[in-house]
$ cat coords_34.cif   # mmCIF, C-alpha atoms
data_run
#
loop_
_atom_site.label_atom_id
_atom_site.label_comp_id
_atom_site.auth_asym_id
_atom_site.auth_seq_id
_atom_site.Cartn_x
_atom_site.Cartn_y
_atom_site.Cartn_z
CA MET H 12 190.62 -46.70 -168.50
CA HIS H 13 188.23 -47.50 -171.36
CA ASP H 14 186.20 -50.69 -171.68
CA THR H 15 188.96 -52.65 -173.45
CA GLN H 16 190.41 -56.06 -172.68
CA GLU H 17 192.43 -54.36 -169.95
CA ALA H 18 189.25 -53.04 -168.35
CA LEU H 19 187.60 -56.44 -168.59
CA ARG H 20 190.56 -58.14 -166.93
CA ALA H 21 190.59 -55.49 -164.19
CA ARG H 22 186.88 -55.91 -163.57
CA GLN H 23 187.19 -59.70 -163.39
CA ALA H 24 190.09 -59.41 -160.94
CA ILE H 25 188.07 -57.14 -158.65
CA ILE H 26 185.03 -59.42 -158.86
CA ARG H 27 187.16 -62.41 -157.86
CA LEU H 28 188.59 -60.39 -154.99
CA ALA H 29 185.10 -59.50 -153.77
CA HIS H 30 184.24 -63.18 -153.46
CA THR H 31 187.39 -64.29 -151.64
CA ARG H 32 187.00 -62.22 -148.47
CA SER H 33 184.64 -63.43 -145.73
CA ASP H 34 185.02 -60.22 -143.71
CA SER H 35 183.36 -57.08 -145.09
CA PHE H 36 186.13 -54.79 -143.81
CA ALA H 37 188.90 -56.82 -145.46
CA LEU H 38 186.79 -57.06 -148.62
CA ARG H 39 186.30 -53.31 -148.88
CA GLN H 40 189.93 -52.46 -148.19
CA ALA H 41 191.25 -55.03 -150.68
CA VAL H 42 188.82 -53.99 -153.42
CA ALA H 43 189.55 -50.28 -152.85
CA ASP H 44 193.29 -50.91 -153.15
CA ARG H 45 192.78 -52.76 -156.45
CA LEU H 46 190.16 -50.31 -157.76
CA ARG H 47 192.53 -47.39 -157.20
CA LYS H 48 194.87 -48.78 -159.86
CA HIS H 49 192.15 -48.61 -162.51
CA VAL H 50 190.00 -45.68 -161.35
CA PRO H 51 192.47 -43.40 -159.53
CA PHE H 52 191.23 -41.44 -156.51
CA ASP H 53 192.78 -39.45 -153.68
CA ALA H 54 190.43 -40.59 -150.91
CA PHE H 55 187.46 -42.89 -150.47
CA CYS H 56 184.77 -43.96 -148.03
CA TRP H 57 182.91 -47.24 -148.35
CA TRP H 58 179.96 -48.01 -146.10
CA THR H 59 177.88 -51.09 -145.56
CA THR H 60 174.15 -50.40 -145.47
CA ASP H 61 171.15 -51.95 -143.78
CA PRO H 62 169.08 -52.92 -146.84
CA ALA H 63 165.79 -52.44 -144.98
CA THR H 64 166.46 -48.80 -144.12
CA MET H 65 169.45 -47.73 -146.26
CA PHE H 66 171.20 -46.58 -143.09
CA LEU H 67 174.99 -46.46 -143.33
CA THR H 68 176.22 -48.93 -140.72
CA THR H 69 180.02 -49.38 -140.91
CA SER H 70 182.77 -47.67 -142.87
CA VAL H 71 186.22 -48.28 -144.31
CA ALA H 72 187.76 -44.94 -145.24
CA GLU H 73 190.77 -42.66 -145.40
CA TRP H 74 189.39 -40.26 -142.83
CA TRP H 75 192.74 -38.58 -142.25
CA GLU H 76 192.40 -37.11 -145.76
CA MET H 77 188.97 -35.66 -144.96
CA PRO H 78 188.89 -33.98 -141.53
CA SER H 79 185.82 -31.94 -142.54
CA ALA H 80 183.76 -35.10 -143.16
CA GLU H 81 182.61 -35.58 -139.57
CA CYS H 82 180.05 -38.28 -138.94
CA VAL H 83 177.43 -35.79 -137.80
CA GLU H 84 177.78 -33.88 -141.07
CA ILE H 85 177.81 -37.00 -143.25
CA HIS H 86 174.60 -38.40 -141.83
CA ARG H 87 172.82 -35.07 -141.58
CA ASN H 88 173.54 -34.50 -145.26
CA GLU H 89 172.59 -38.01 -146.33
CA TYR H 90 169.26 -38.20 -144.51
CA LEU H 91 168.08 -34.69 -143.72
CA GLU H 92 169.26 -32.30 -146.44
CA PRO H 93 168.42 -32.00 -150.13
CA ASP H 94 171.51 -32.83 -152.16
CA PHE H 95 172.68 -34.67 -155.23
CA ASN H 96 173.36 -38.39 -155.78
CA LYS H 97 171.91 -39.71 -152.54
CA PHE H 98 172.78 -43.39 -152.13
CA ARG H 99 169.11 -44.34 -151.84
CA GLU H 100 168.43 -42.78 -155.24
CA LEU H 101 171.47 -44.39 -156.85
CA ALA H 102 170.40 -47.81 -155.56
CA ARG H 103 167.16 -47.47 -157.55
CA SER H 104 168.81 -46.07 -160.65
CA ARG H 105 169.55 -47.99 -163.85
CA LEU H 106 173.13 -46.74 -163.54
CA PRO H 107 173.92 -46.94 -159.79
CA ALA H 108 176.98 -44.69 -160.04
CA ALA H 109 177.20 -40.97 -160.80
CA THR H 110 179.47 -37.96 -160.42
CA LEU H 111 178.69 -34.77 -158.58
CA ALA H 112 179.97 -32.75 -161.53
CA HIS H 113 177.41 -34.30 -163.87
CA ALA H 114 174.54 -34.06 -161.38
CA THR H 115 175.19 -30.34 -160.78
CA ASP H 116 175.82 -29.46 -164.45
CA GLY H 117 179.43 -28.64 -163.64
CA LYS H 118 178.55 -26.43 -160.66
CA PRO H 119 179.45 -28.54 -157.60
CA ALA H 120 179.01 -25.57 -155.25
CA ARG H 121 175.26 -26.21 -155.59
CA SER H 122 175.87 -29.20 -153.30
CA ALA H 123 175.95 -28.67 -149.53
CA ARG H 124 178.13 -31.76 -149.26
CA TYR H 125 180.70 -30.18 -151.58
CA ARG H 126 180.65 -26.83 -149.76
CA ARG H 127 181.00 -28.24 -146.24
CA MET H 128 182.87 -31.54 -146.58
CA MET H 129 184.79 -31.56 -149.86
CA ARG H 130 185.98 -28.07 -150.72
CA PRO H 131 187.44 -27.29 -147.24
CA ASP H 132 189.78 -30.28 -147.63
CA GLY H 133 190.70 -29.53 -151.24
CA PHE H 134 188.50 -32.12 -152.95
CA GLU H 135 186.88 -31.09 -156.22
CA PHE H 136 185.43 -34.27 -157.73
CA GLU H 137 183.20 -37.00 -156.30
CA LEU H 138 182.00 -40.31 -157.72
CA ARG H 139 179.28 -42.08 -155.74
CA ALA H 140 177.95 -45.61 -156.23
CA SER H 141 175.51 -47.95 -154.51
CA GLN H 142 176.00 -51.71 -154.51
CA ALA H 143 172.67 -53.51 -154.86
CA VAL H 144 171.55 -56.98 -155.88
CA ASP H 145 168.08 -58.56 -155.99
CA GLY H 146 166.49 -55.24 -155.07
CA ALA H 147 168.50 -54.80 -151.86
CA CYS H 148 171.37 -52.35 -151.31
CA TRP H 149 174.32 -53.63 -149.27
CA GLY H 150 176.99 -50.98 -149.83
CA ALA H 151 177.63 -47.31 -150.61
CA LEU H 152 180.92 -46.06 -152.04
CA ALA H 153 182.28 -42.53 -152.49
CA LEU H 154 185.52 -41.74 -154.36
CA TYR H 155 187.17 -38.31 -154.26
CA ARG H 156 189.76 -36.42 -156.32
CA ARG H 157 191.49 -33.21 -155.34
CA GLY H 158 191.48 -29.99 -157.30
CA GLY H 159 194.04 -30.13 -160.10
CA SER H 160 193.21 -33.77 -160.82
CA PRO H 161 191.14 -34.71 -163.87
CA ALA H 162 187.42 -35.14 -163.39
CA PHE H 163 185.94 -38.63 -163.26
CA GLU H 164 185.13 -39.69 -166.81
CA ARG H 165 182.10 -41.51 -168.14
CA HIS H 166 183.93 -44.80 -168.69
CA GLU H 167 185.12 -44.73 -165.06
CA VAL H 168 181.55 -44.25 -163.84
CA GLU H 169 180.43 -47.19 -165.96
CA PHE H 170 183.31 -49.33 -164.71
CA VAL H 171 182.33 -48.74 -161.07
CA SER H 172 178.65 -49.19 -161.90
CA LYS H 173 179.18 -52.61 -163.50
CA LEU H 174 180.97 -53.78 -160.38
CA GLY H 175 177.92 -52.96 -158.23
CA PRO H 176 175.99 -56.25 -158.20
CA HIS H 177 179.16 -58.29 -157.72
CA LEU H 178 180.34 -56.14 -154.82
CA ALA H 179 176.85 -56.29 -153.30
CA GLU H 180 176.94 -60.08 -153.53
CA GLY H 181 180.30 -60.13 -151.78
CA LEU H 182 179.09 -57.79 -149.04
CA ARG H 183 175.90 -59.69 -148.34
CA THR H 184 177.77 -63.00 -148.30
CA SER H 185 180.13 -61.56 -145.70
CA LEU H 186 177.13 -61.17 -143.37
CA LEU H 187 176.62 -64.92 -143.23
CA ALA H 188 179.44 -65.74 -140.82
CA ALA H 189 178.54 -68.42 -138.34
CA ALA H 190 176.64 -67.12 -135.32
CA ILE H 191 178.46 -67.06 -132.00
CA GLU H 192 177.39 -69.25 -129.12
CA ASP H 193 174.32 -68.01 -127.33
CA GLY H 194 175.11 -66.37 -124.02
CA LYS H 195 178.57 -65.13 -124.95
CA VAL H 196 177.47 -61.49 -124.61
CA SER H 197 175.12 -60.05 -122.02
CA ASP H 198 171.62 -59.12 -123.15
CA ALA H 199 171.58 -55.90 -121.14
CA PRO H 200 170.78 -52.88 -123.36
CA GLY H 201 172.84 -49.71 -123.26
CA LEU H 202 171.99 -46.03 -123.51
CA LEU H 203 173.99 -43.16 -125.04
CA VAL H 204 173.04 -39.48 -124.94
CA LEU H 205 174.22 -37.08 -127.66
CA ASP H 206 173.80 -33.33 -127.41
CA GLY H 207 172.58 -31.06 -130.20
CA LYS H 208 176.05 -30.95 -131.76
CA GLY H 209 176.41 -34.71 -131.80
CA ARG H 210 178.79 -34.86 -128.83
CA LEU H 211 178.58 -37.81 -126.48
CA THR H 212 177.49 -36.48 -123.08
CA ALA H 213 176.60 -39.66 -121.19
CA ALA H 214 176.71 -43.43 -121.58
CA THR H 215 175.79 -46.43 -119.48
CA ALA H 216 178.31 -49.21 -118.96
CA GLY H 217 176.22 -51.45 -121.21
CA ALA H 218 176.41 -48.97 -124.08
CA ALA H 219 180.17 -48.60 -123.72
CA ARG H 220 180.54 -52.37 -123.92
CA TRP H 221 178.39 -52.64 -127.05
CA ILE H 222 180.29 -49.80 -128.76
CA ASP H 223 183.54 -51.61 -128.06
CA GLU H 224 182.04 -54.67 -129.77
CA ILE H 225 181.16 -52.78 -132.95
CA HIS H 226 184.01 -52.51 -135.41
CA GLY H 227 182.39 -49.33 -136.67
CA SER H 228 185.07 -47.96 -138.95
CA ILE H 229 188.62 -48.31 -140.21
CA GLY H 230 190.78 -45.34 -140.99
CA ARG H 231 192.23 -43.66 -137.88
CA ARG H 232 189.16 -41.55 -137.17
CA PRO H 233 189.65 -39.04 -134.32
CA ALA H 234 188.55 -40.46 -130.97
CA GLU H 235 185.51 -38.19 -130.72
CA HIS H 236 184.15 -39.65 -133.96
CA ARG H 237 184.60 -43.35 -133.22
CA LEU H 238 180.99 -44.15 -132.47
CA SER H 239 179.47 -46.61 -134.92
CA GLU H 240 178.17 -45.19 -138.21
CA ALA H 241 174.82 -46.73 -137.30
CA VAL H 242 174.66 -44.51 -134.19
CA TRP H 243 175.19 -41.35 -136.25
CA ALA H 244 172.61 -42.48 -138.80
CA VAL H 245 169.74 -43.06 -136.39
CA ALA H 246 170.64 -39.97 -134.34
CA SER H 247 170.45 -37.75 -137.43
CA LEU H 248 167.00 -39.02 -138.34
CA ALA H 249 165.73 -38.86 -134.76
CA ARG H 250 166.49 -35.13 -134.63
CA SER H 251 164.34 -34.57 -137.70
CA LEU H 252 161.22 -36.26 -136.31
CA ASP H 253 158.33 -34.50 -134.63
CA GLN H 254 158.09 -35.89 -131.10
CA ASP H 255 154.31 -35.81 -131.17
CA ALA H 256 153.84 -37.13 -134.69
CA GLY H 257 153.72 -40.81 -133.71
CA ALA H 258 156.53 -41.68 -136.11
CA ARG H 259 158.40 -44.91 -135.59
CA LEU H 260 161.84 -44.82 -134.06
CA PRO H 261 164.66 -44.76 -136.62
CA ARG H 262 166.67 -47.93 -136.26
CA ALA H 263 169.46 -49.92 -137.84
CA ARG H 264 170.94 -53.38 -137.47
CA VAL H 265 174.69 -53.93 -137.24
CA ARG H 266 177.02 -56.83 -136.46
CA THR H 267 179.77 -56.89 -133.87
CA ASP H 268 183.25 -58.21 -134.60
CA GLU H 269 182.19 -61.53 -133.07
CA GLY H 270 179.09 -61.94 -135.24
CA GLU H 271 176.50 -60.70 -132.74
CA TRP H 272 173.56 -58.80 -134.25
CA LEU H 273 172.68 -55.53 -132.50
CA LEU H 274 169.72 -53.20 -132.88
CA VAL H 275 170.51 -49.47 -132.67
CA HIS H 276 167.59 -47.07 -132.34
CA ALA H 277 167.14 -43.47 -131.29
CA ALA H 278 164.60 -40.93 -130.08
CA ARG H 279 164.59 -37.22 -129.33
CA MET H 280 164.58 -36.20 -125.69
CA GLU H 281 162.87 -33.20 -124.14
CA ARG H 282 165.97 -30.99 -124.16
CA ASP H 283 166.75 -29.23 -127.44
CA GLY H 284 168.68 -31.37 -129.84
CA GLU H 285 169.45 -34.17 -127.39
CA VAL H 286 169.04 -37.70 -128.67
CA ALA H 287 168.90 -40.96 -126.72
CA ILE H 288 170.53 -43.91 -128.49
CA ILE H 289 169.55 -47.39 -127.34
CA ILE H 290 171.79 -50.34 -128.25
CA GLU H 291 170.64 -53.88 -127.57
CA ARG H 292 171.00 -57.39 -128.84
CA ALA H 293 168.66 -57.89 -131.79
CA ARG H 294 165.94 -60.46 -131.32
CA PRO H 295 165.52 -63.04 -134.09
CA VAL H 296 162.50 -61.34 -135.62
CA GLN H 297 164.44 -58.10 -135.88
CA ILE H 298 167.09 -59.59 -138.17
CA ALA H 299 164.83 -62.00 -140.04
CA SER H 300 164.37 -59.87 -143.15
CA LEU H 301 168.08 -59.03 -143.36
CA LEU H 302 169.23 -62.65 -143.07
CA ILE H 303 166.59 -63.84 -145.53
CA ARG H 304 167.85 -61.33 -148.08
CA ALA H 305 171.45 -62.23 -147.35
CA TYR H 306 170.78 -65.84 -148.34
CA GLY H 307 169.37 -64.65 -151.66
CA LEU H 308 165.89 -66.11 -151.16
CA SER H 309 163.09 -65.17 -153.52
CA ASP H 310 159.99 -63.40 -152.21
CA ARG H 311 158.01 -66.67 -152.21
CA GLU H 312 160.84 -68.55 -150.53
CA ALA H 313 161.00 -65.82 -147.89
CA ASP H 314 157.25 -66.17 -147.27
CA VAL H 315 157.66 -69.90 -146.74
CA VAL H 316 160.63 -69.41 -144.40
CA ARG H 317 158.71 -66.95 -142.23
CA ALA H 318 155.85 -69.43 -142.00
CA VAL H 319 158.25 -72.22 -141.00
CA LEU H 320 159.71 -69.99 -138.30
CA GLN H 321 156.20 -69.49 -136.93
CA GLY H 322 155.86 -73.27 -136.62
CA LEU H 323 153.29 -73.77 -139.38
CA SER H 324 152.91 -77.18 -141.01
CA THR H 325 153.15 -77.70 -144.76
CA GLU H 326 149.36 -77.73 -145.03
CA GLN H 327 149.04 -74.53 -142.97
CA ILE H 328 151.70 -72.82 -145.06
CA ALA H 329 149.87 -73.86 -148.21
CA ARG H 330 146.63 -72.30 -146.94
CA THR H 331 148.21 -69.03 -145.80
CA THR H 332 150.28 -68.57 -148.98
CA TYR H 333 147.64 -69.88 -151.42
CA LEU H 334 150.07 -72.50 -152.72
CA SER H 335 149.68 -76.24 -153.06
CA PRO H 336 151.47 -78.43 -150.49
CA TYR H 337 153.66 -79.79 -153.29
CA THR H 338 154.73 -76.27 -154.28
CA VAL H 339 155.52 -75.47 -150.65
CA GLN H 340 157.75 -78.54 -150.49
CA ASP H 341 159.51 -77.45 -153.69
CA TYR H 342 160.19 -74.02 -152.19
CA LEU H 343 161.51 -75.63 -149.01
CA LYS H 344 163.90 -77.82 -151.01
CA SER H 345 165.23 -74.70 -152.74
CA VAL H 346 165.62 -72.92 -149.40
CA PHE H 347 167.52 -75.88 -147.95
CA VAL H 348 169.96 -75.80 -150.87
CA LYS H 349 170.54 -72.03 -150.59
CA THR H 350 171.06 -72.11 -146.84
CA GLY H 351 173.00 -75.37 -146.68
CA VAL H 352 170.65 -77.26 -144.35
CA ARG H 353 168.68 -80.49 -144.62
CA SER H 354 165.67 -79.93 -142.38
CA ARG H 355 163.35 -77.32 -140.94
CA ARG H 356 165.02 -77.71 -137.55
CA GLU H 357 168.44 -76.96 -139.04
CA LEU H 358 166.97 -74.01 -140.94
CA VAL H 359 165.62 -72.39 -137.78
CA GLY H 360 168.89 -72.97 -135.96
CA LYS H 361 171.03 -71.58 -138.77
CA LEU H 362 168.99 -68.44 -139.39
CA PHE H 363 168.54 -67.51 -135.77
CA ALA H 364 171.56 -69.00 -133.97
CA GLU H 365 169.47 -71.50 -131.98
CA GLN H 366 167.41 -68.68 -130.40
CA HIS H 367 163.69 -69.06 -129.84
CA TRP H 368 161.22 -67.32 -132.09
CA PRO H 369 159.98 -64.35 -130.00
CA GLN H 370 156.48 -64.18 -128.64
CA TYR H 371 153.90 -61.96 -130.29
CA GLY H 372 153.29 -59.84 -127.20
CA GLY H 373 150.02 -61.55 -126.41
CA GLY H 374 148.78 -60.78 -129.89
CA ALA H 375 149.14 -57.03 -129.36
CA SER H 376 151.86 -56.66 -131.98
CA GLU H 377 151.39 -57.65 -135.59
CA LEU H 378 154.29 -59.13 -137.51
CA GLY H 379 154.81 -57.19 -140.74
CA ALA H 380 155.51 -58.87 -144.04
CA ASP H 381 159.13 -57.74 -143.85
CA GLY H 382 159.76 -59.54 -140.56
CA TRP H 383 159.47 -56.53 -138.22
CA PHE H 384 156.99 -55.89 -135.43
CA ALA H 385 154.68 -53.03 -136.36
CA GLN H 386 154.88 -51.06 -133.13
CA THR H 387 154.82 -47.32 -132.76
CA SER H 388 157.42 -45.36 -130.85
CA ARG H 389 157.21 -44.19 -127.27
CA ARG H 390 158.25 -40.73 -126.20
CA LEU H 391 161.40 -40.72 -124.12
CA SER H 392 160.64 -37.67 -122.01
CA ASN H 393 161.28 -39.80 -118.91
CA LEU H 394 164.85 -40.53 -120.00
CA GLY H 395 166.25 -37.47 -118.31
CA ARG H 396 169.47 -39.21 -117.40
CA PRO H 397 171.39 -42.29 -118.51
CA GLY H 398 170.71 -45.58 -116.78
CA ASN H 399 166.92 -45.20 -116.83
CA GLN H 400 166.48 -47.87 -119.51
CA ALA H 401 163.36 -49.44 -118.02
CA HIS H 402 161.08 -47.20 -120.06
CA ILE H 403 162.58 -48.07 -123.43
CA ALA H 404 160.41 -50.22 -125.65
CA PRO H 405 162.77 -52.96 -126.88
CA GLY H 406 160.46 -53.92 -129.72
CA ALA H 407 159.94 -50.43 -131.10
CA GLY H 408 159.33 -50.40 -134.83
CA GLU H 409 161.68 -49.13 -137.50
CA LEU H 410 161.33 -45.83 -139.28
CA ALA H 411 159.11 -46.07 -142.34
CA ALA H 412 161.77 -44.68 -144.63
CA ARG H 413 161.93 -47.23 -147.37
CA GLY H 414 162.74 -46.12 -150.85
#

$ encode --input "coords_34.cif" --output "structure tokens"
Amino acid sequence: MHDTQEALRARQAIIRLAHTRSDSFALRQAVADRLRKHVPFDAFCWWTTDPATMFLTTSVAEWWEMPSAECVEIHRNEYLEPDFNKFRELARSRLPAATLAHATDGKPARSARYRRMMRPDGFEFELRASQAVDGACWGALALYRRGGSPAFERHEVEFVSKLGPHLAEGLRTSLLAAAIEDGKVSDAPGLLVLDGKGRLTAATAGAARWIDEIHGSIGRRPAEHRLSEAVWAVASLARSLDQDAGARLPRARVRTDEGEWLLVHAARMERDGEVAIIIERARPVQIASLLIRAYGLSDREADVVRAVLQGLSTEQIARTTYLSPYTVQDYLKSVFVKTGVRSRRELVGKLFAEQHWPQYGGGASELGADGWFAQTSRRLSNLGRPGNQAHIAPGAGELAARG
């Protein structure tokens, strides 16, 4: 479909659709159904991403068409292997969509993803696209065509690419559902253990409950692959880290069906290939940067919001940000408009669901500019069996894997 009046009308219809769904799963399914009429495909997978880490967090997909695309393989390929058209690279590209055929000069077998996950199921062509807006990526889409179908054409790539910012806006808006009442879900963390092949070998009751709360994917995935995409993402990266290198724990943030924010992080254990996955309720500071981006705040507005959340007065904010008090007030007025509040008190309550701003650990932990505590990981050699959560550092820092 070339960029004619028909293409323009199709694009406008999809953009409208992206802004009329408050739930990211319904949004992705509805847009995919409409997109298929204009850019035909035989199968698709559409992930949400954590913009701070580019981890894939939830998926809507036709998994029954792609039995070879197991979660372990998807995340190993995306984070650990060299390959073409990685979503992180597309998110930074001028054209955030590309085909595997073009990237490989017509030789898709150069791609490990093609050899292991596409060709075994009869898929020959892939179109990948990232959905980013204001420098943050909120979605990652892959479209597939079987052998015997025509390759994706340039005008189809451009069509999907132009949709990117609008789809990203729809996805990030879907994250702003009202927070649930505090206390509705227990704070107890949970622990999962995956073996070297990605199989679940043990889980605490707390972890099982959290997994049930995560609407991790849609698409009739086999039972053994129904862990959240975020779990597979952090597990894949954890296996790649040197235990003694002092690297930060890979981590991702994901929402439950009820609007609860969870933190998912992982670390290698002593036994070969085993990974411990910790799932816990995210503290306010751990979702600050994500929510600030979701409201579309500028960098300066974000600085002012963080200062407000630390309890600083207008004069103190002015000194720490090197702005005049009048400019600080102007930024606050803009923030109030964007977030739909009328006071600092309402702002704190809306952003963090009436939870208290966490303590700074007696000054031992510095708060980074992105809203995360800068804490190094702890080795989990003492996690020999599930249920021994007491040694897990709940404030462990995220993996420094920013594009």

$ closest_residue --input "coords_34.cif" --among "H:Glu269, H:Glu73, H:Glu224, H:Asp116" --to "H:Ala54" --atoms "all atoms listed in the file"
H:Glu73

$ closest_residue --input "coords_34.cif" --among "H:Trp243, H:Gly284, H:Asp310, H:Ala277" --to "H:Gly207" --atoms "all atoms listed in the file"
H:Gly284

$ closest_residue --input "coords_34.cif" --among "H:Pro200, H:Pro176, H:Gly158, H:Gly351" --to "H:Val144" --atoms "all atoms listed in the file"
H:Pro176

$ closest_residue --input "coords_34.cif" --among "H:Ser239, H:Thr215, H:Thr31, H:Ser251" --to "H:Ser185" --atoms "all atoms listed in the file"
H:Thr31

$ atom_distance --input "coords_34.cif" --atom1 "atom CA of H:Lys97" --atom2 "atom CA of H:Val245"
16.6 Å

$ atom_distance --input "coords_34.cif" --atom1 "atom CA of H:Ala109" --atom2 "atom CA of H:Ala72"
19.2 Å

$ resolve_selection --input "coords_34.cif" --expression "the PyMOL selection byres ((chain H and resi 39) around 9)" --output "list of chain:residue names"
H:Ala29, H:Arg32, H:Asp34, H:Ser35, H:Phe36, H:Ala37, H:Leu38, H:Gln40, H:Ala41, H:Val42, H:Ala43, H:Asp44, H:Trp57, H:Trp58, H:Ser70, H:Val71, H:Leu178, H:Leu182

$ resolve_selection --input "coords_34.cif" --expression "the PyMOL selection byres ((chain H and resi 214) around 6)" --output "NGL selection string"
:H and (202-203 or 213 or 215)

$ atom_distance --input "coords_34.cif" --atom1 "atom CA of H:Leu273" --atom2 "atom CA of H:Ala249"
18.2 Å

$ closest_residue --input "coords_34.cif" --among "H:Ser172, H:Asp145, H:Arg126, H:Pro261" --to "H:Arg105" --atoms "all atoms listed in the file"
H:Ser172

$ closest_residue --input "coords_34.cif" --among "H:Leu205, H:Met77, H:Leu111, H:Leu91" --to "H:Leu252" --atoms "only C-alpha atoms"
H:Leu91

$ residues_around --input "coords_34.cif" --residues "H:Glu312" --least-positions-apart "4" --cutoff "8 Å" --atoms "all atoms listed in the file" --output "PyMOL selection string"
chain H and resi 308+316+342-343+345-346

$ closest_atom_pairs --input "coords_34.cif" --of "stretch 85-203 of chain H" --to "stretch 59-69 of chain H" --cutoff "8 Å" --atoms "all atoms listed in the file" --output "CSV"
residue,atom,partner,partner_atom,distance
H:Arg99,CA,H:Met65,CA,6.5
H:Ala147,CA,H:Pro62,CA,5.4
H:Cys148,CA,H:Pro62,CA,5.1
H:Trp149,CA,H:Thr60,CA,5.0
H:Gly150,CA,H:Thr59,CA,4.4
H:Ala151,CA,H:Thr59,CA,6.3
H:Leu182,CA,H:Thr59,CA,7.6

$ write_last_selection --input "coords_34.cif" --atoms "C-alpha atoms" --output "mmCIF file, keeping the file's coordinate frame"
data_model
loop_
_atom_site.group_PDB
_atom_site.id
_atom_site.type_symbol
_atom_site.label_atom_id
_atom_site.label_comp_id
_atom_site.auth_asym_id
_atom_site.auth_seq_id
_atom_site.Cartn_x
_atom_site.Cartn_y
_atom_site.Cartn_z
ATOM 1 C CA ARG H 99 169.110 -44.340 -151.840
ATOM 2 C CA ALA H 147 168.500 -54.800 -151.860
ATOM 3 C CA CYS H 148 171.370 -52.350 -151.310
ATOM 4 C CA TRP H 149 174.320 -53.630 -149.270
ATOM 5 C CA GLY H 150 176.990 -50.980 -149.830
ATOM 6 C CA ALA H 151 177.630 -47.310 -150.610
ATOM 7 C CA LEU H 182 179.090 -57.790 -149.040
#

$ resolve_selection --input "coords_34.cif" --expression "the PyMOL selection byres ((chain H and resi 114) around 12)" --output "PyMOL selection string"
chain H and resi 94-97+101+108-113+115-122+136-139

$ write_last_selection --input "coords_34.cif" --atoms "C-alpha atoms" --output "PDB file, in the coordinates of the input"
ATOM      1  CA  ASP H  94     171.510 -32.830-152.160  1.00  0.00           C
ATOM      2  CA  PHE H  95     172.680 -34.670-155.230  1.00  0.00           C
ATOM      3  CA  ASN H  96     173.360 -38.390-155.780  1.00  0.00           C
ATOM      4  CA  LYS H  97     171.910 -39.710-152.540  1.00  0.00           C
ATOM      5  CA  LEU H 101     171.470 -44.390-156.850  1.00  0.00           C
ATOM      6  CA  ALA H 108     176.980 -44.690-160.040  1.00  0.00           C
ATOM      7  CA  ALA H 109     177.200 -40.970-160.800  1.00  0.00           C
ATOM      8  CA  THR H 110     179.470 -37.960-160.420  1.00  0.00           C
ATOM      9  CA  LEU H 111     178.690 -34.770-158.580  1.00  0.00           C
ATOM     10  CA  ALA H 112     179.970 -32.750-161.530  1.00  0.00           C
ATOM     11  CA  HIS H 113     177.410 -34.300-163.870  1.00  0.00           C
ATOM     12  CA  THR H 115     175.190 -30.340-160.780  1.00  0.00           C
ATOM     13  CA  ASP H 116     175.820 -29.460-164.450  1.00  0.00           C
ATOM     14  CA  GLY H 117     179.430 -28.640-163.640  1.00  0.00           C
ATOM     15  CA  LYS H 118     178.550 -26.430-160.660  1.00  0.00           C
ATOM     16  CA  PRO H 119     179.450 -28.540-157.600  1.00  0.00           C
ATOM     17  CA  ALA H 120     179.010 -25.570-155.250  1.00  0.00           C
ATOM     18  CA  ARG H 121     175.260 -26.210-155.590  1.00  0.00           C
ATOM     19  CA  SER H 122     175.870 -29.200-153.300  1.00  0.00           C
ATOM     20  CA  PHE H 136     185.430 -34.270-157.730  1.00  0.00           C
ATOM     21  CA  GLU H 137     183.200 -37.000-156.300  1.00  0.00           C
ATOM     22  CA  LEU H 138     182.000 -40.310-157.720  1.00  0.00           C
ATOM     23  CA  ARG H 139     179.280 -42.080-155.740  1.00  0.00           C
TER      24      ARG H 139
END

$ residues_around --input "coords_34.cif" --residues "H:Glu326" --least-positions-apart "4" --cutoff "12 Å" --atoms "all atoms listed in the file" --output "list in words"
Val315, Ala318, Val319, Gly322, Arg330, Thr331, Thr332, Tyr333, Leu334, Ser335, Pro336, Tyr337, Thr338, Val339 and Gln340 of chain H
